[in-house]
file my_file37.csv (CSV, C-alpha atoms)
chain,number,residue,atom,x,y,z
N,256,MET,CA,-20.7,5.8,-9.9
N,257,HIS,CA,-23.3,4.6,-7.4
N,258,LEU,CA,-23.7,0.9,-6.7
N,259,PRO,CA,-27.2,-0.3,-6.0
N,260,LEU,CA,-26.5,-0.7,-2.3
N,261,VAL,CA,-28.6,-2.6,0.1
N,262,ASP,CA,-30.5,0.0,2.0
N,263,ASP,CA,-29.7,-0.8,5.6
N,264,ARG,CA,-26.0,-1.3,4.9
N,265,PRO,CA,-23.6,1.2,6.7
N,266,ARG,CA,-21.9,3.6,4.3
N,267,PRO,CA,-20.0,6.9,4.5
N,268,GLN,CA,-22.4,9.7,5.3
N,269,SER,CA,-20.6,12.5,3.4
N,270,LEU,CA,-17.4,13.5,1.6
N,271,THR,CA,-16.2,14.8,4.9
N,272,ASP,CA,-16.9,11.4,6.5
N,273,LEU,CA,-14.9,9.8,3.7
N,274,PHE,CA,-12.0,12.2,4.1
N,275,ILE,CA,-11.8,11.8,7.8
N,276,SER,CA,-12.2,8.0,7.7
N,277,PHE,CA,-9.3,7.7,5.2
N,278,THR,CA,-7.1,10.1,7.1
N,279,LEU,CA,-7.6,8.0,10.3
N,280,LEU,CA,-7.0,4.8,8.4
N,281,ALA,CA,-3.8,6.2,6.9
N,282,LEU,CA,-2.5,7.4,10.2
N,283,GLN,CA,-2.9,4.0,11.8
N,284,GLY,CA,-1.0,2.3,8.9
N,285,PHE,CA,2.5,1.7,10.2
N,286,GLY,CA,4.2,-0.7,7.9
N,287,GLY,CA,1.3,-0.8,5.4
N,288,VAL,CA,-2.2,0.7,5.3
N,289,LEU,CA,-3.9,-2.3,3.7
N,290,ALA,CA,-4.4,-4.3,6.8
N,291,VAL,CA,-6.0,-1.3,8.5
N,292,VAL,CA,-8.3,-0.6,5.6
N,293,GLN,CA,-9.5,-4.3,5.6
N,294,HIS,CA,-9.9,-4.3,9.4
N,295,GLU,CA,-11.7,-0.9,9.8
N,296,LEU,CA,-13.8,-0.7,6.6
N,297,VAL,CA,-14.8,-4.4,6.4
N,298,GLU,CA,-14.7,-5.8,10.0
N,299,LYS,CA,-15.7,-2.7,11.9
N,300,LYS,CA,-17.5,-0.1,9.8
N,301,ARG,CA,-19.0,-2.8,7.5
N,302,TRP,CA,-19.1,-0.5,4.5
N,303,MET,CA,-18.3,-3.6,2.3
N,304,THR,CA,-18.2,-7.3,2.6
N,305,ARG,CA,-15.1,-9.4,2.6
N,306,GLU,CA,-16.0,-10.6,-0.9
N,307,GLU,CA,-16.4,-7.0,-2.2
N,308,PHE,CA,-13.1,-6.0,-0.6
N,309,VAL,CA,-11.2,-8.8,-2.3
N,310,GLU,CA,-12.7,-7.8,-5.7
N,311,GLU,CA,-11.8,-4.1,-5.3
N,312,TRP,CA,-8.4,-5.0,-4.0
N,313,ALA,CA,-7.8,-7.2,-7.1
N,314,VAL,CA,-8.4,-4.2,-9.3
N,315,ALA,CA,-6.3,-1.8,-7.1
N,316,GLN,CA,-3.5,-4.3,-7.2
N,317,ILE,CA,-3.4,-4.9,-10.9
N,318,MET,CA,-3.6,-1.3,-12.0
N,319,PRO,CA,-0.4,0.8,-12.0
N,320,GLY,CA,0.1,3.1,-9.0
N,321,PRO,CA,0.3,2.7,-5.3
N,322,ASN,CA,-2.2,-0.1,-4.3
N,323,VAL,CA,-3.8,1.5,-1.2
N,324,VAL,CA,-4.0,4.9,-3.1
N,325,ASN,CA,-5.9,3.1,-5.9
N,326,LEU,CA,-8.1,1.3,-3.3
N,327,SER,CA,-9.1,4.5,-1.6
N,328,LEU,CA,-10.0,6.0,-4.9
N,329,ILE,CA,-12.1,2.9,-5.8
N,330,ILE,CA,-13.9,2.9,-2.5
N,331,GLY,CA,-14.5,6.6,-2.5
N,332,SER,CA,-15.9,6.6,-6.1
N,333,ARG,CA,-18.2,3.7,-5.1
N,334,TYR,CA,-20.2,6.0,-2.9
N,335,PHE,CA,-19.9,9.5,-4.3
N,336,GLY,CA,-18.4,9.2,-7.8
N,337,LEU,CA,-15.5,11.4,-8.7
N,338,PRO,CA,-15.8,13.8,-5.7
N,339,GLY,CA,-15.8,10.7,-3.4
N,340,ALA,CA,-12.6,9.4,-5.2
N,341,LEU,CA,-10.9,12.7,-4.6
N,342,ALA,CA,-12.0,13.0,-1.0
N,343,ALA,CA,-10.8,9.5,-0.1
N,344,LEU,CA,-7.5,10.1,-2.0
N,345,ALA,CA,-7.0,13.4,-0.2
N,346,GLY,CA,-7.7,11.8,3.1
N,347,MET,CA,-5.2,9.0,2.4
N,348,LEU,CA,-2.4,11.5,1.5
N,349,THR,CA,-2.7,14.9,3.0
N,350,VAL,CA,-2.1,14.5,6.8
N,351,PRO,CA,0.3,11.6,6.4
N,352,LEU,CA,2.3,13.8,4.0
N,353,LEU,CA,2.6,16.5,6.7
N,354,VAL,CA,3.6,13.9,9.2
N,355,VAL,CA,6.5,12.5,7.0
N,356,LEU,CA,7.7,16.0,6.3
N,357,LEU,CA,7.9,16.8,10.0
N,358,LEU,CA,9.6,13.5,10.6
N,359,THR,CA,12.1,14.2,7.9
N,360,MET,CA,13.0,17.5,9.5
N,361,THR,CA,13.8,15.8,12.8
N,362,TYR,CA,15.2,12.6,11.3
N,363,ALA,CA,18.8,13.3,12.2
N,364,GLN,CA,18.0,13.5,15.9
N,365,PHE,CA,15.9,10.4,16.3
N,366,SER,CA,17.3,8.0,13.8
N,367,SER,CA,20.3,6.9,15.9
N,368,HIS,CA,18.4,6.5,19.2
N,369,PRO,CA,18.5,2.8,20.2
N,370,GLY,CA,15.0,2.9,21.7
N,371,VAL,CA,13.6,4.3,18.5
N,372,ALA,CA,15.3,1.7,16.4
N,373,GLY,CA,14.0,-1.0,18.7
N,374,ALA,CA,10.4,0.4,18.6
N,375,LEU,CA,10.5,0.5,14.8
N,376,ARG,CA,11.7,-3.1,14.8
N,377,GLY,CA,8.9,-4.2,17.1
N,378,MET,CA,6.2,-2.3,15.1
N,379,GLY,CA,7.6,-3.9,11.9
N,380,ALA,CA,7.1,-7.4,13.4
N,381,VAL,CA,3.6,-6.5,14.4
N,382,ALA,CA,2.8,-5.1,11.0
N,383,ALA,CA,3.9,-8.3,9.4
N,384,GLY,CA,1.4,-10.1,11.6
N,385,LEU,CA,-1.4,-7.6,10.8
N,386,ILE,CA,-1.1,-8.2,7.0
N,387,THR,CA,-1.0,-11.9,7.5
N,388,ALA,CA,-4.1,-11.8,9.6
N,389,ALA,CA,-5.9,-9.8,6.8
N,390,GLY,CA,-5.0,-12.6,4.4
N,391,LEU,CA,-6.1,-15.3,6.8
N,392,ARG,CA,-9.5,-13.6,7.3
N,393,LEU,CA,-10.1,-13.2,3.6
N,394,LEU,CA,-9.5,-16.9,3.0
N,395,SER,CA,-13.0,-17.4,4.2
N,396,THR,CA,-14.3,-15.8,1.0
N,397,LEU,CA,-12.9,-18.7,-1.0
N,398,LYS,CA,-15.7,-21.0,0.4
N,399,THR,CA,-18.1,-19.5,-2.1
N,400,HIS,CA,-15.6,-19.0,-4.9
N,401,PRO,CA,-16.8,-20.2,-8.3
N,402,LEU,CA,-13.7,-22.5,-8.6
N,403,GLY,CA,-14.5,-24.3,-5.4
N,404,LEU,CA,-12.4,-24.5,-2.4
N,405,PRO,CA,-9.7,-27.1,-3.5
N,406,ILE,CA,-8.7,-25.3,-6.7
N,407,SER,CA,-8.8,-21.8,-5.0
N,408,ILE,CA,-6.5,-23.1,-2.2
N,409,ALA,CA,-4.2,-24.6,-4.7
N,410,LEU,CA,-3.9,-21.2,-6.5
N,411,VAL,CA,-3.3,-19.5,-3.1
N,412,LEU,CA,-0.5,-22.0,-2.3
N,413,ALA,CA,1.1,-21.7,-5.8
N,414,CYS,CA,1.2,-17.9,-5.6
N,415,PHE,CA,2.4,-17.9,-2.0
N,416,ILE,CA,5.2,-20.3,-2.8
N,417,ALA,CA,6.3,-18.3,-5.9
N,418,ILE,CA,6.4,-14.9,-4.1
N,419,ALA,CA,7.3,-15.8,-0.5
N,420,LEU,CA,9.6,-18.8,-0.9
N,421,PHE,CA,11.1,-18.5,-4.4
N,422,ARG,CA,11.0,-14.6,-4.4
N,423,LEU,CA,9.9,-14.5,-8.0
N,424,PRO,CA,9.2,-11.0,-9.3
N,425,LEU,CA,5.6,-9.9,-9.0
N,426,ALA,CA,5.7,-8.7,-12.6
N,427,TYR,CA,5.9,-12.4,-13.7
N,428,VAL,CA,3.7,-14.0,-11.0
N,429,LEU,CA,0.8,-11.6,-11.1
N,430,PRO,CA,0.1,-11.9,-14.9
N,431,GLY,CA,1.1,-15.6,-15.0
N,432,LEU,CA,-1.0,-17.0,-12.2
N,433,GLY,CA,-3.6,-14.3,-12.6
N,434,LEU,CA,-4.2,-15.4,-16.2
N,435,VAL,CA,-4.6,-19.0,-15.1
N,436,ALA,CA,-7.1,-18.0,-12.3
N,437,TYR,CA,-8.9,-15.8,-14.8
N,438,VAL,CA,-9.3,-18.4,-17.5
N,439,LEU,CA,-10.4,-21.1,-15.0
N,440,THR,CA,-13.0,-18.8,-13.4
N,441,TYR,CA,-14.2,-17.6,-16.8
N,442,ARG,CA,-15.0,-21.2,-17.8
N,443,ARG,CA,-16.9,-21.8,-14.6
N,444,LEU,CA,-19.1,-18.7,-14.8
N,445,LYS,CA,-22.4,-18.7,-16.8
N,446,PRO,CA,-22.2,-16.5,-19.9
T,190,MET,CA,19.9,16.8,6.7
T,191,ASN,CA,22.9,14.6,6.3
T,192,GLY,CA,24.2,14.5,2.8
T,193,SER,CA,22.5,17.7,1.6
T,194,PHE,CA,24.3,19.9,-0.9
T,195,ALA,CA,23.4,22.8,-3.2
T,196,ILE,CA,22.3,22.4,-6.8
T,197,ALA,CA,20.9,24.8,-9.3
T,198,LEU,CA,17.7,23.7,-11.0
T,199,GLN,CA,16.2,25.5,-14.0
T,200,TRP,CA,12.5,25.4,-14.9
T,201,SER,CA,13.4,23.0,-17.7
T,202,ASP,CA,14.9,20.6,-15.1
T,203,TRP,CA,11.7,20.7,-13.0
T,204,ALA,CA,9.7,20.0,-16.2
T,205,GLN,CA,12.0,17.1,-16.9
T,206,LEU,CA,11.6,15.7,-13.4
T,207,PHE,CA,7.8,16.0,-13.7
T,208,VAL,CA,7.8,14.1,-17.0
T,209,GLN,CA,10.1,11.5,-15.5
T,210,TYR,CA,7.6,10.8,-12.7
T,211,LEU,CA,4.7,10.9,-15.1
T,212,SER,CA,6.2,8.1,-17.1
T,213,LEU,CA,7.2,6.1,-14.0
T,214,SER,CA,3.6,6.3,-12.8
T,215,LEU,CA,2.4,3.9,-15.5
T,216,LEU,CA,5.2,1.5,-14.8
T,217,SER,CA,4.5,1.3,-11.1
T,218,ILE,CA,2.6,-2.0,-11.2
T,219,GLY,CA,2.6,-3.5,-7.7
T,220,GLY,CA,3.3,-0.2,-6.1
T,221,ALA,CA,5.5,2.8,-6.5
T,222,ILE,CA,8.3,1.2,-4.6
T,223,SER,CA,8.9,-1.1,-7.6
T,224,THR,CA,10.2,1.9,-9.5
T,225,ALA,CA,12.6,3.0,-6.8
T,226,PRO,CA,15.7,1.5,-8.6
T,227,GLU,CA,14.8,3.6,-11.6
T,228,MET,CA,14.3,6.7,-9.4
T,229,HIS,CA,17.8,6.1,-7.9
T,230,ARG,CA,19.3,5.8,-11.3
T,231,TYR,CA,17.7,9.0,-12.5
T,232,LEU,CA,18.0,11.3,-9.4
T,233,VAL,CA,21.2,10.1,-7.9
T,234,ALA,CA,23.4,8.6,-10.6
T,235,GLU,CA,22.4,10.4,-13.7
T,236,GLN,CA,21.3,14.0,-12.6
T,237,GLY,CA,23.1,14.2,-9.2
T,238,TRP,CA,20.1,16.0,-7.7
T,239,LEU,CA,20.0,13.8,-4.6
T,240,SER,CA,22.6,12.2,-2.4
T,241,ASP,CA,22.6,8.5,-1.6
T,242,ALA,CA,22.0,9.3,2.0
T,243,GLN,CA,18.9,11.5,1.1
T,244,PHE,CA,17.6,8.7,-1.2
T,245,ASN,CA,17.9,6.1,1.5
T,246,ALA,CA,16.4,8.4,4.2
T,247,SER,CA,13.4,9.1,2.0
T,248,ILE,CA,12.6,5.5,1.8
T,249,ALA,CA,13.3,4.7,5.4
T,250,ILE,CA,11.3,7.5,6.8
T,251,ALA,CA,8.3,6.8,4.6
T,252,GLN,CA,8.3,3.2,5.6
T,253,ALA,CA,8.6,3.9,9.3
T,254,ALA,CA,5.9,6.6,9.3
T,255,PRO,CA,2.2,6.0,9.2
T,256,GLY,CA,0.5,6.3,5.8
T,257,PRO,CA,1.0,4.9,2.3
T,258,ASN,CA,4.6,4.0,1.4
T,259,VAL,CA,4.3,6.1,-1.8
T,260,LEU,CA,5.1,9.2,0.3
T,261,PHE,CA,8.7,8.3,-0.1
T,262,VAL,CA,8.3,9.9,-3.5
T,263,ALA,CA,7.2,13.1,-1.8
T,264,LEU,CA,10.3,13.0,0.3
T,265,MET,CA,12.5,12.7,-2.7
T,266,GLY,CA,10.9,15.7,-4.2
T,267,TRP,CA,11.3,17.5,-0.9
T,268,HIS,CA,15.0,16.7,-0.8
T,269,VAL,CA,15.6,17.8,-4.4
T,270,GLY,CA,13.9,21.1,-3.6
T,271,LEU,CA,15.9,21.6,-0.4
T,272,ASN,CA,19.1,21.1,-2.4
T,273,ALA,CA,17.9,23.6,-5.0
T,274,GLY,CA,17.2,26.4,-2.5
T,275,GLY,CA,15.3,25.8,0.7
T,276,MET,CA,11.9,24.8,2.1
T,277,ALA,CA,9.7,26.6,-0.4
T,278,MET,CA,11.4,24.8,-3.2
T,279,GLY,CA,11.1,21.7,-1.1
T,280,LEU,CA,7.3,22.0,-1.1
T,281,PHE,CA,7.4,22.7,-4.8
T,282,GLY,CA,9.4,19.5,-5.3
T,283,VAL,CA,6.8,17.5,-3.3
T,284,LEU,CA,4.1,18.9,-5.6
T,285,VAL,CA,6.0,18.0,-8.8
T,286,THR,CA,6.9,14.5,-7.8
T,287,MET,CA,3.6,13.5,-6.2
T,288,VAL,CA,1.4,14.9,-8.9
T,289,GLY,CA,3.7,13.3,-11.4
T,290,ILE,CA,3.7,9.8,-9.8
T,291,LEU,CA,-0.1,9.8,-9.1
T,292,LEU,CA,-1.8,11.6,-12.0
T,293,PRO,CA,-1.5,9.0,-14.7
T,294,SER,CA,-2.0,6.0,-12.5
T,295,THR,CA,-5.0,7.3,-10.6
T,296,THR,CA,-6.7,8.6,-13.8
T,297,LEU,CA,-6.2,5.2,-15.5
T,298,THR,CA,-7.5,3.4,-12.4
T,299,TYR,CA,-10.5,5.7,-12.2
T,300,LEU,CA,-11.5,5.3,-15.8
T,301,THR,CA,-10.9,1.5,-15.7
T,302,VAL,CA,-13.1,1.2,-12.6
T,303,GLN,CA,-15.9,3.2,-14.2
T,304,TRP,CA,-15.7,1.0,-17.3
T,305,GLY,CA,-15.7,-2.1,-15.2
T,306,HIS,CA,-18.7,-0.8,-13.2
T,307,ARG,CA,-20.7,-0.1,-16.4
T,308,ASN,CA,-19.9,-3.5,-17.7
T,309,ARG,CA,-20.1,-5.4,-14.3
T,310,GLU,CA,-22.5,-8.0,-15.8
T,311,LEU,CA,-20.0,-8.9,-18.5
T,312,ARG,CA,-18.6,-12.4,-18.0
T,313,ALA,CA,-15.0,-11.2,-18.5
T,314,VAL,CA,-15.4,-8.5,-15.8
T,315,ARG,CA,-16.9,-11.0,-13.3
T,316,ALA,CA,-14.3,-13.6,-14.1
T,317,PHE,CA,-11.5,-11.1,-13.5
T,318,LYS,CA,-12.9,-9.7,-10.2
T,319,GLN,CA,-13.7,-13.1,-8.8
T,320,GLY,CA,-10.9,-15.1,-10.4
T,321,MET,CA,-8.2,-12.9,-9.0
T,322,ALA,CA,-9.3,-13.5,-5.4
T,323,PRO,CA,-7.0,-16.5,-4.6
T,324,ILE,CA,-4.0,-14.6,-6.1
T,325,VAL,CA,-4.7,-11.4,-4.2
T,326,ILE,CA,-5.2,-13.3,-0.9
T,327,ALA,CA,-2.0,-15.2,-1.5
T,328,LEU,CA,-0.1,-11.9,-2.1
T,329,LEU,CA,-1.3,-10.6,1.3
T,330,LEU,CA,0.0,-13.8,3.0
T,331,ALA,CA,3.2,-13.6,1.1
T,332,THR,CA,3.7,-9.9,2.0
T,333,GLY,CA,3.4,-10.8,5.7
T,334,TRP,CA,5.9,-13.6,5.2
T,335,VAL,CA,8.4,-11.4,3.3
T,336,LEU,CA,8.2,-8.6,5.9
T,337,ALA,CA,8.6,-11.1,8.8
T,338,SER,CA,11.6,-12.8,7.2
T,339,ALA,CA,13.5,-9.6,7.0
T,340,ASN,CA,14.4,-10.9,10.5
T,341,SER,CA,16.3,-13.8,8.9
T,342,HIS,CA,18.5,-14.9,11.8
T,343,PHE,CA,16.0,-17.2,13.5
T,344,ASP,CA,18.3,-18.2,16.4
T,345,THR,CA,18.7,-14.6,17.5
T,346,GLU,CA,15.5,-13.1,16.2
T,347,TRP,CA,12.9,-15.8,17.2
T,348,ARG,CA,11.2,-13.3,19.5
T,349,LEU,CA,10.4,-11.0,16.6
T,350,TRP,CA,8.9,-14.0,14.8
T,351,LEU,CA,6.9,-15.0,17.8
T,352,LEU,CA,5.6,-11.4,18.0
T,353,THR,CA,4.5,-11.5,14.4
T,354,VAL,CA,2.7,-14.9,14.9
T,355,LEU,CA,1.0,-13.6,18.0
T,356,ALA,CA,-0.1,-10.4,16.4
T,357,ALA,CA,-1.5,-12.3,13.4
T,358,LEU,CA,-3.4,-14.7,15.7
T,359,VAL,CA,-4.8,-11.9,17.9
T,360,ILE,CA,-6.1,-9.9,14.9
T,361,TRP,CA,-7.4,-12.9,13.1
T,362,LEU,CA,-9.4,-14.3,16.1
T,363,THR,CA,-10.3,-11.2,18.1
T,364,ARG,CA,-11.6,-7.7,17.4
T,365,LEU,CA,-8.9,-5.9,19.3
T,366,HIS,CA,-7.9,-2.5,17.9
T,367,LEU,CA,-4.8,-2.6,15.7
T,368,LEU,CA,-3.2,0.3,17.4
T,369,TRP,CA,-3.0,-1.6,20.7
T,370,LEU,CA,-0.8,-4.3,19.0
T,371,LEU,CA,1.3,-1.7,17.2
T,372,ALA,CA,1.8,0.1,20.5
T,373,ALA,CA,2.7,-3.2,22.3
T,374,GLY,CA,5.2,-3.9,19.5
T,375,ALA,CA,6.8,-0.5,19.8
T,376,LEU,CA,7.0,-0.8,23.6
T,377,LEU,CA,8.6,-4.2,23.5
T,378,GLY,CA,11.1,-3.0,20.9
T,379,TRP,CA,11.9,0.2,22.9
T,380,LEU,CA,12.6,-1.9,26.0
T,381,GLY,CA,14.8,-4.1,23.9
T,382,LEU,CA,12.7,-7.2,24.6
T,383,VAL,CA,12.3,-8.2,21.0
call {"tool": "encode", "arguments": {"input": "my_file37.csv", "output": "structure tokens"}}
result
Amino acid sequence: MHLPLVDDRPRPQSLTDLFISFTLLALQGFGGVLAVVQHELVEKKRWMTREEFVEEWAVAQIMPGPNVVNLSLIIGSRYFGLPGALAALAGMLTVPLLVVLLLTMTYAQFSSHPGVAGALRGMGAVAAGLITAAGLRLLSTLKTHPLGLPISIALVLACFIAIALFRLPLAYVLPGLGLVAYVLTYRRLKP
Amino acid sequence: MNGSFAIALQWSDWAQLFVQYLSLSLLSIGGAISTAPEMHRYLVAEQGWLSDAQFNASIAIAQAAPGPNVLFVALMGWHVGLNAGGMAMGLFGVLVTMVGILLPSTTLTYLTVQWGHRNRELRAVRAFKQGMAPIVIALLLATGWVLASANSHFDTEWRLWLLTVLAALVIWLTRLHLLWLLAAGALLGWLGLV
């Protein structure tokens, strides 16, 4: 599956490039890989625009399976079809899997160390900030949204309040608000 | 490993485990972690293949380590294999659970994306991809909020909140590498400053 890409846009050079890129992304992802994927692939490597990222992320999120795993598969397949999907997927999983297995074997020694517990707490707080920043950045894509800024922002607020403040299950909020957003957008788009 | 014990697994048990994960895969909307309660029911309560300590350690380690959180599934397979007879079985357990949890969902995602790409001019496809944008962005913001508010005692943990807010602002407004911030967070935590 090859998208008609603009010629001068940066893109992964090869399957090896995809594998290594996703390995490095995954290894930076403490407390969630998504913020790293957004930061590295969109803001730094510029393989995709913020708008494209949001669109692919929507698909990755709505399909069953781990979201960042789906996202790596989608991005890999965009450039090199099925081999690209597999290369990105393997990059996302192989080395991190070895790392967690090694950590598991030494878990008993380090889990009770107060410094380690503190470091994990500090990194957790930073990770919360990273994911928030990714969301704040992507808000800029709503300026060109077919629904217009006021309605898009209203949907953002409704979804945020439902999940973050009322802690409603994703299984209700995603189909519920998703359907509203879909129908509203459908009516705005030209057939 | 704390809480490990010996169990005997037949090939039919491994096959059953595989099928269990195959079916959980298609239920894991919003991430594999949403099926963790079902995994606990099956592995710990019903089959007794995994201890509570091993179950919790699998999730805790995968969340603390770099990489996708779905690796907690691999660690569950690893622990089941260890209980059944050592490291080689542990690796086999990783294979069984990871292929099980990923094969159906990735296949479905791949086929759906191919279909969506072939039909990308369709109004329904465009409406879905663009229409979901506000929802998806809100989910990112909500995730950040939920993670931060795990530190719920604001009077004693305000420094963690401050760290979260500062990290968000720095990443939003500058191009600093993410690893610097994570390292700073780790250092502050190690020194007991947050």
call {"tool": "residues_around", "arguments": {"input": "my_file37.csv", "residues": "region 332-347 of chain N", "least_positions_apart": "2", "cutoff": "10 Å", "atoms": "all atoms listed in the file", "output": "mmCIF file with C-alpha atoms, keeping the file's coordinate frame"}}
result
data_model
loop_
_atom_site.group_PDB
_atom_site.id
_atom_site.type_symbol
_atom_site.label_atom_id
_atom_site.label_comp_id
_atom_site.auth_asym_id
_atom_site.auth_seq_id
_atom_site.Cartn_x
_atom_site.Cartn_y
_atom_site.Cartn_z
ATOM 1 C CA MET N 256 -20.700 5.800 -9.900
ATOM 2 C CA HIS N 257 -23.300 4.600 -7.400
ATOM 3 C CA LEU N 258 -23.700 0.900 -6.700
ATOM 4 C CA PRO N 259 -27.200 -0.300 -6.000
ATOM 5 C CA LEU N 260 -26.500 -0.700 -2.300
ATOM 6 C CA ARG N 266 -21.900 3.600 4.300
ATOM 7 C CA PRO N 267 -20.000 6.900 4.500
ATOM 8 C CA GLN N 268 -22.400 9.700 5.300
ATOM 9 C CA SER N 269 -20.600 12.500 3.400
ATOM 10 C CA LEU N 270 -17.400 13.500 1.600
ATOM 11 C CA THR N 271 -16.200 14.800 4.900
ATOM 12 C CA ASP N 272 -16.900 11.400 6.500
ATOM 13 C CA LEU N 273 -14.900 9.800 3.700
ATOM 14 C CA PHE N 274 -12.000 12.200 4.100
ATOM 15 C CA ILE N 275 -11.800 11.800 7.800
ATOM 16 C CA SER N 276 -12.200 8.000 7.700
ATOM 17 C CA PHE N 277 -9.300 7.700 5.200
ATOM 18 C CA THR N 278 -7.100 10.100 7.100
ATOM 19 C CA LEU N 279 -7.600 8.000 10.300
ATOM 20 C CA LEU N 280 -7.000 4.800 8.400
ATOM 21 C CA ALA N 281 -3.800 6.200 6.900
ATOM 22 C CA LEU N 282 -2.500 7.400 10.200
ATOM 23 C CA VAL N 288 -2.200 0.700 5.300
ATOM 24 C CA TRP N 302 -19.100 -0.500 4.500
ATOM 25 C CA VAL N 323 -3.800 1.500 -1.200
ATOM 26 C CA VAL N 324 -4.000 4.900 -3.100
ATOM 27 C CA ASN N 325 -5.900 3.100 -5.900
ATOM 28 C CA LEU N 326 -8.100 1.300 -3.300
ATOM 29 C CA SER N 327 -9.100 4.500 -1.600
ATOM 30 C CA LEU N 328 -10.000 6.000 -4.900
ATOM 31 C CA ILE N 329 -12.100 2.900 -5.800
ATOM 32 C CA ILE N 330 -13.900 2.900 -2.500
ATOM 33 C CA THR N 349 -2.700 14.900 3.000
ATOM 34 C CA VAL N 350 -2.100 14.500 6.800
ATOM 35 C CA PRO N 351 0.300 11.600 6.400
ATOM 36 C CA LEU N 352 2.300 13.800 4.000
ATOM 37 C CA GLY T 256 0.500 6.300 5.800
ATOM 38 C CA PRO T 257 1.000 4.900 2.300
ATOM 39 C CA THR T 295 -5.000 7.300 -10.600
ATOM 40 C CA TYR T 299 -10.500 5.700 -12.200
ATOM 41 C CA VAL T 302 -13.100 1.200 -12.600
ATOM 42 C CA GLN T 303 -15.900 3.200 -14.200
ATOM 43 C CA HIS T 306 -18.700 -0.800 -13.200
#
call {"tool": "closest_residue", "arguments": {"input": "my_file37.csv", "among": "T:Ser240, T:Ser223, T:Ser201, T:Asn272", "to": "chain N", "atoms": "all atoms listed in the file"}}
result
T:Ser223
call {"tool": "atom_distance", "arguments": {"input": "my_file37.csv", "atom1": "CA of Trp379 (chain T)", "atom2": "CA of Trp361 (chain T)"}}
result
25.3 Å
call {"tool": "residues_around", "arguments": {"input": "my_file37.csv", "residues": "Leu377 (chain T)", "least_positions_apart": "3", "cutoff": "9 Å", "atoms": "all atoms listed in the file", "output": "ChimeraX atom specification"}}
result
/N:373-374,377-378 /T:372-374,380-383
call {"tool": "atom_distance", "arguments": {"input": "my_file37.csv", "atom1": "CA of Phe281 (chain T)", "atom2": "CA of Ala315 (chain N)"}}
result
28.2 Å
call {"tool": "residues_around", "arguments": {"input": "my_file37.csv", "residues": "Ala419 (chain N)", "least_positions_apart": "5", "cutoff": "9 Å", "atoms": "all atoms listed in the file", "output": "ChimeraX atom specification"}}
result
/N:414 /T:328,330-335
call {"tool": "write_last_selection", "arguments": {"input": "my_file37.csv", "atoms": "C-alpha atoms", "output": "compact mmCIF listing (two decimals), in the frame of the given file"}}
result
# COMPACT_ATOMS: atom_id res chain seq x y z
CA CYS N 414 1.20 -17.90 -5.60
CA LEU T 328 -0.10 -11.90 -2.10
CA LEU T 330 0.00 -13.80 3.00
CA ALA T 331 3.20 -13.60 1.10
CA THR T 332 3.70 -9.90 2.00
CA GLY T 333 3.40 -10.80 5.70
CA TRP T 334 5.90 -13.60 5.20
CA VAL T 335 8.40 -11.40 3.30
call {"tool": "atom_distance", "arguments": {"input": "my_file37.csv", "atom1": "CA of Tyr231 (chain T)", "atom2": "CA of Leu375 (chain N)"}}
result
29.5 Å
call {"tool": "closest_residue", "arguments": {"input": "my_file37.csv", "among": "T:Ala251, T:Leu211, T:Met287, T:Leu206", "to": "chain N", "atoms": "all atoms listed in the file"}}
result
T:Ala251
call {"tool": "closest_atom_pairs", "arguments": {"input": "my_file37.csv", "of": "region 263-342 of chain N", "to": "region 431-437 of chain N", "cutoff": "12 Å", "atoms": "all atoms listed in the file", "output": "tab-separated table"}}
result
residue	atom	partner	partner_atom	distance
N:Ala313	CA	N:Gly433	CA	9.9
N:Val314	CA	N:Gly433	CA	11.7
N:Gln316	CA	N:Gly433	CA	11.4
N:Ile317	CA	N:Gly433	CA	9.6
call {"tool": "residues_around", "arguments": {"input": "my_file37.csv", "residues": "Thr224 (chain T)", "least_positions_apart": "4", "cutoff": "12 Å", "atoms": "all atoms listed in the file", "output": "PyMOL selection string"}}
result
(chain N and resi 319-321+426) or (chain T and resi 209-220+228-231+259+261-262+290)
call {"tool": "residues_near_point", "arguments": {"input": "my_file37.csv", "point": "(25.0, 11.9, -5.0)", "cutoff": "12 Å", "atoms": "all atoms listed in the file", "output": "list in words"}}
result
Asn191, Gly192, Ser193, Phe194, Ala195, Ile196, His229, Arg230, Tyr231, Leu232, Val233, Ala234, Glu235, Gln236, Gly237, Trp238, Leu239, Ser240, Asp241, Ala242, Gln243, Phe244, Asn245, His268, Val269 and Asn272 of chain T
call {"tool": "write_last_selection", "arguments": {"input": "my_file37.csv", "atoms": "C-alpha atoms", "output": "short mmCIF file (atom, residue, chain, number, x, y, z; two decimals), keeping the file's coordinate frame"}}
result
data_model
loop_
_atom_site.label_atom_id
_atom_site.label_comp_id
_atom_site.auth_asym_id
_atom_site.auth_seq_id
_atom_site.Cartn_x
_atom_site.Cartn_y
_atom_site.Cartn_z
CA ASN T 191 22.90 14.60 6.30
CA GLY T 192 24.20 14.50 2.80
CA SER T 193 22.50 17.70 1.60
CA PHE T 194 24.30 19.90 -0.90
CA ALA T 195 23.40 22.80 -3.20
CA ILE T 196 22.30 22.40 -6.80
CA HIS T 229 17.80 6.10 -7.90
CA ARG T 230 19.30 5.80 -11.30
CA TYR T 231 17.70 9.00 -12.50
CA LEU T 232 18.00 11.30 -9.40
CA VAL T 233 21.20 10.10 -7.90
CA ALA T 234 23.40 8.60 -10.60
CA GLU T 235 22.40 10.40 -13.70
CA GLN T 236 21.30 14.00 -12.60
CA GLY T 237 23.10 14.20 -9.20
CA TRP T 238 20.10 16.00 -7.70
CA LEU T 239 20.00 13.80 -4.60
CA SER T 240 22.60 12.20 -2.40
CA ASP T 241 22.60 8.50 -1.60
CA ALA T 242 22.00 9.30 2.00
CA GLN T 243 18.90 11.50 1.10
CA PHE T 244 17.60 8.70 -1.20
CA ASN T 245 17.90 6.10 1.50
CA HIS T 268 15.00 16.70 -0.80
CA VAL T 269 15.60 17.80 -4.40
CA ASN T 272 19.10 21.10 -2.40
#
